[in-house]
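Novice: Pasting a structure here, questions to come.
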Amino acid sequence: MDLAYFQLIDRITDLNIGEKTIAVEAQVPQQNTIFEGHFPGYPLMPGVLLIESMAQTSGWLLIALMKFERMPFLAAVKEAKMRTFVTPGELLNIEASIVHEGSGYAITQAKVSVGGKLRCNATITFGIASFPNADLRGHMEVMAKRIGFPQQVIAHG
Amino acid sequence: MGTRPRIMGQALRGDAAIAGQYGTYLQFIKGLMMSSTFDRVATIIAETCDIPRDTITPESHAIDDLGIDSLDFLDIAFAIDKAFGIKLPLEKWTQEVNDGKATTEQYFVLKNLSARIDELVAAKDA
């Protein structure tokens, strides 16, 4: 997890195109300036970043389903529940599945667990658009390789 | 024999009446189907966007009259997709409007949207 660059996903552990599900791991760093402010003497992973981690997980699932031809952008977050605190150094298991694939939009359900226990979950809506430029697509391909995105999906995209 | 013409006459009048009623019945059913779709869409819009149901009419333009923005319309599209078991082709419609091949009225005036939904449902069931 690279908080400074907002890259919250470390690796894809399971991507099932048929079932339209994904599972990833994300290691919350032990030290980060964010924890100095959130909160002094009581460091907690901010809820908005947990939501972002669920959105990024969902995003990789959607990119895979769209064969890397288009990109999802966060549009709405519903029913986001921060159930239990997430603290520095914890390993997050994040899962996402598809609720609905519409025309130009998609809705996912995602959840964050630590050690098999649910910490937070949300229903997330994405607008789907073409990659706005080649630079971003190239960057996403580099990111995809880094987190273990199945390369055949890119190659055939 | 004397009664036959009368019976035939009654039968003819009856057939004509039935035929007339049947035509009216078809129009009624068609109207019911249309209004049913419109009613469901109007209810979805009212609940999704917190718009008073009685302000939503078949002539209402979702964007221009009801002020629904594109993000709220995604919620409506999702609810419609789910309720009718279809996939509103929003991207195709948007492209057609952007290309000048269609007007927003064709897709976003609610009576027209309801008709498009009926077409999509019919195509799905065909």
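Convention: chains lettered A, B, ... in structure tokens order; per-chain residue numbering from 1; ligands numbered from 1 as shown.
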I'd like a table as JSON lines: residues in chain B with an atom no more than 8 Å from chain A, each row giving the shortest atom pair and its distance in Å to one decimal, only C-alpha atoms counted, sorted by chain and rising residue number.
Specialist:
```
{"residue": "B:Leu71", "atom": "CA", "partner": "A:Ala75", "partner_atom": "CA", "distance": 7.3}
{"residue": "B:Leu74", "atom": "CA", "partner": "A:Tyr105", "partner_atom": "CA", "distance": 7.3}
{"residue": "B:Ala77", "atom": "CA", "partner": "A:Gly102", "partner_atom": "CA", "distance": 7.9}
{"residue": "B:Phe78", "atom": "CA", "partner": "A:Gly102", "partner_atom": "CA", "distance": 7.1}
{"residue": "B:Asp81", "atom": "CA", "partner": "A:Gly102", "partner_atom": "CA", "distance": 7.7}
{"residue": "B:Lys87", "atom": "CA", "partner": "A:Gly102", "partner_atom": "CA", "distance": 6.1}
{"residue": "B:Leu88", "atom": "CA", "partner": "A:Ser103", "partner_atom": "CA", "distance": 6.6}
{"residue": "B:Pro89", "atom": "CA", "partner": "A:Ser103", "partner_atom": "CA", "distance": 5.5}
{"residue": "B:Leu90", "atom": "CA", "partner": "A:Ser103", "partner_atom": "CA", "distance": 5.5}
{"residue": "B:Glu91", "atom": "CA", "partner": "A:Gly104", "partner_atom": "CA", "distance": 5.8}
```
Novice: When DSSP works through the backbone of this structure, what residues of chain A end up as helix (DSSP H, G or I), shown as number ranges by chain?
Specialist: A: 3-5, 33-37, 47-65, 134-146, 151-155
Novice: Can you pull out the residues contacting Gln27 (chain A)? Cut-off 10 Å, using only C-alpha atoms, and skip same-chain residues under 5 positions away; I want them as a ChimeraX atom specification.
Specialist: /A:1-2,8-11,88-93
Novice: If you run DSSP over the backbone, which residues in region 9-156 of chain A end up strand (DSSP E)? Put them as a VMD selection string.
Specialist: chain A and resid 11 to 16 21 to 27 70 to 82 91 to 101 105 to 114 117 to 130
Novice: How many Å separate CA of Glu95 (chain A) from CA of Ile22 (chain A)?
Specialist: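 Going from CA of Glu95 (chain A) over to CA of Ile22 (chain A) covers 5.6 Å.
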Novice: Using only C-alpha atoms, determine which residues lie at most 12 Å from Ile147 (chain A), disregarding the query and same-chain residues fewer than 6 positions distant; provide the list as a list in words.
Specialist: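 Once the adjacent positions are removed, what remains is Met1, Gln7, Leu8, Ile9, Asp10, Arg11, Ile12, Thr13, Asp14, Leu15, Ala23, Val24, Glu25, Ala26, Gln56, Thr57, Trp60, Met140 and Glu141 of chain A.
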Novice: Could you give me, as a short mmCIF file (atom, residue, chain, number, x, y, z; two decimals) with N, CA, C and O atoms, in the first residue's frame, the residues within 8 Å of Pro58 (chain B), counting only C-alpha atoms and dropping anything in the same chain fewer than 5 positions from it?
Specialist:
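That gives us result.cif:
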```
data_model
loop_
_atom_site.label_atom_id
_atom_site.label_comp_id
_atom_site.auth_asym_id
_atom_site.auth_seq_id
_atom_site.Cartn_x
_atom_site.Cartn_y
_atom_site.Cartn_z
N PHE B 38 -45.38 3.65 -17.21
CA PHE B 38 -45.16 5.02 -16.75
C PHE B 38 -45.29 5.12 -15.24
O PHE B 38 -44.46 5.75 -14.57
N VAL B 109 -38.36 12.28 -22.09
CA VAL B 109 -39.75 12.59 -21.75
C VAL B 109 -40.36 11.26 -21.31
O VAL B 109 -40.23 10.25 -22.01
N LEU B 110 -41.01 11.25 -20.16
CA LEU B 110 -41.32 9.96 -19.51
C LEU B 110 -42.24 9.06 -20.31
O LEU B 110 -42.11 7.84 -20.25
N LYS B 111 -43.19 9.64 -21.07
CA LYS B 111 -44.04 8.76 -21.89
C LYS B 111 -43.20 8.08 -22.97
O LYS B 111 -43.43 6.91 -23.31
#
```
Novice: Excluding region 44-48 of chain A and residues on its chain fewer than 5 positions from it, collect all residues at most 7 Å away from it, counting only C-alpha atoms, and give them as a list in words.
Specialist: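 In the requested form, the answer reads Phe35, His38, Phe39, Met82, Phe85, Val86, Thr87 and Pro88 of chain A.
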Novice: Would you put the residues from that selection into a file with C-alpha atoms, as a PDB file, in the first residue's frame?
Specialist:
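Here's the written file result_4.pdb:
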```pdb
ATOM      1  CA  PHE A  35      -1.408   8.298  11.166  1.00  0.00           C
ATOM      2  CA  HIS A  38      -5.475  10.539  12.186  1.00  0.00           C
ATOM      3  CA  PHE A  39      -5.250  10.464  15.141  1.00  0.00           C
ATOM      4  CA  MET A  82     -17.042   1.154   8.913  1.00  0.00           C
ATOM      5  CA  PHE A  85     -11.246   0.140  13.310  1.00  0.00           C
ATOM      6  CA  VAL A  86      -8.372  -0.721  10.999  1.00  0.00           C
ATOM      7  CA  THR A  87      -4.973   0.041  12.492  1.00  0.00           C
ATOM      8  CA  PRO A  88      -1.385   0.393  11.145  1.00  0.00           C
TER       9      PRO A  88
END
```
Novice: When you count only C-alpha atoms, which of these residues is closest to Asp69 (chain B): B:Ala126, B:Cys49, B:Thr103, B:Arg40?
Specialist: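 Among the listed residues, the smallest separation from Asp69 (chain B) belongs to B:Cys49.
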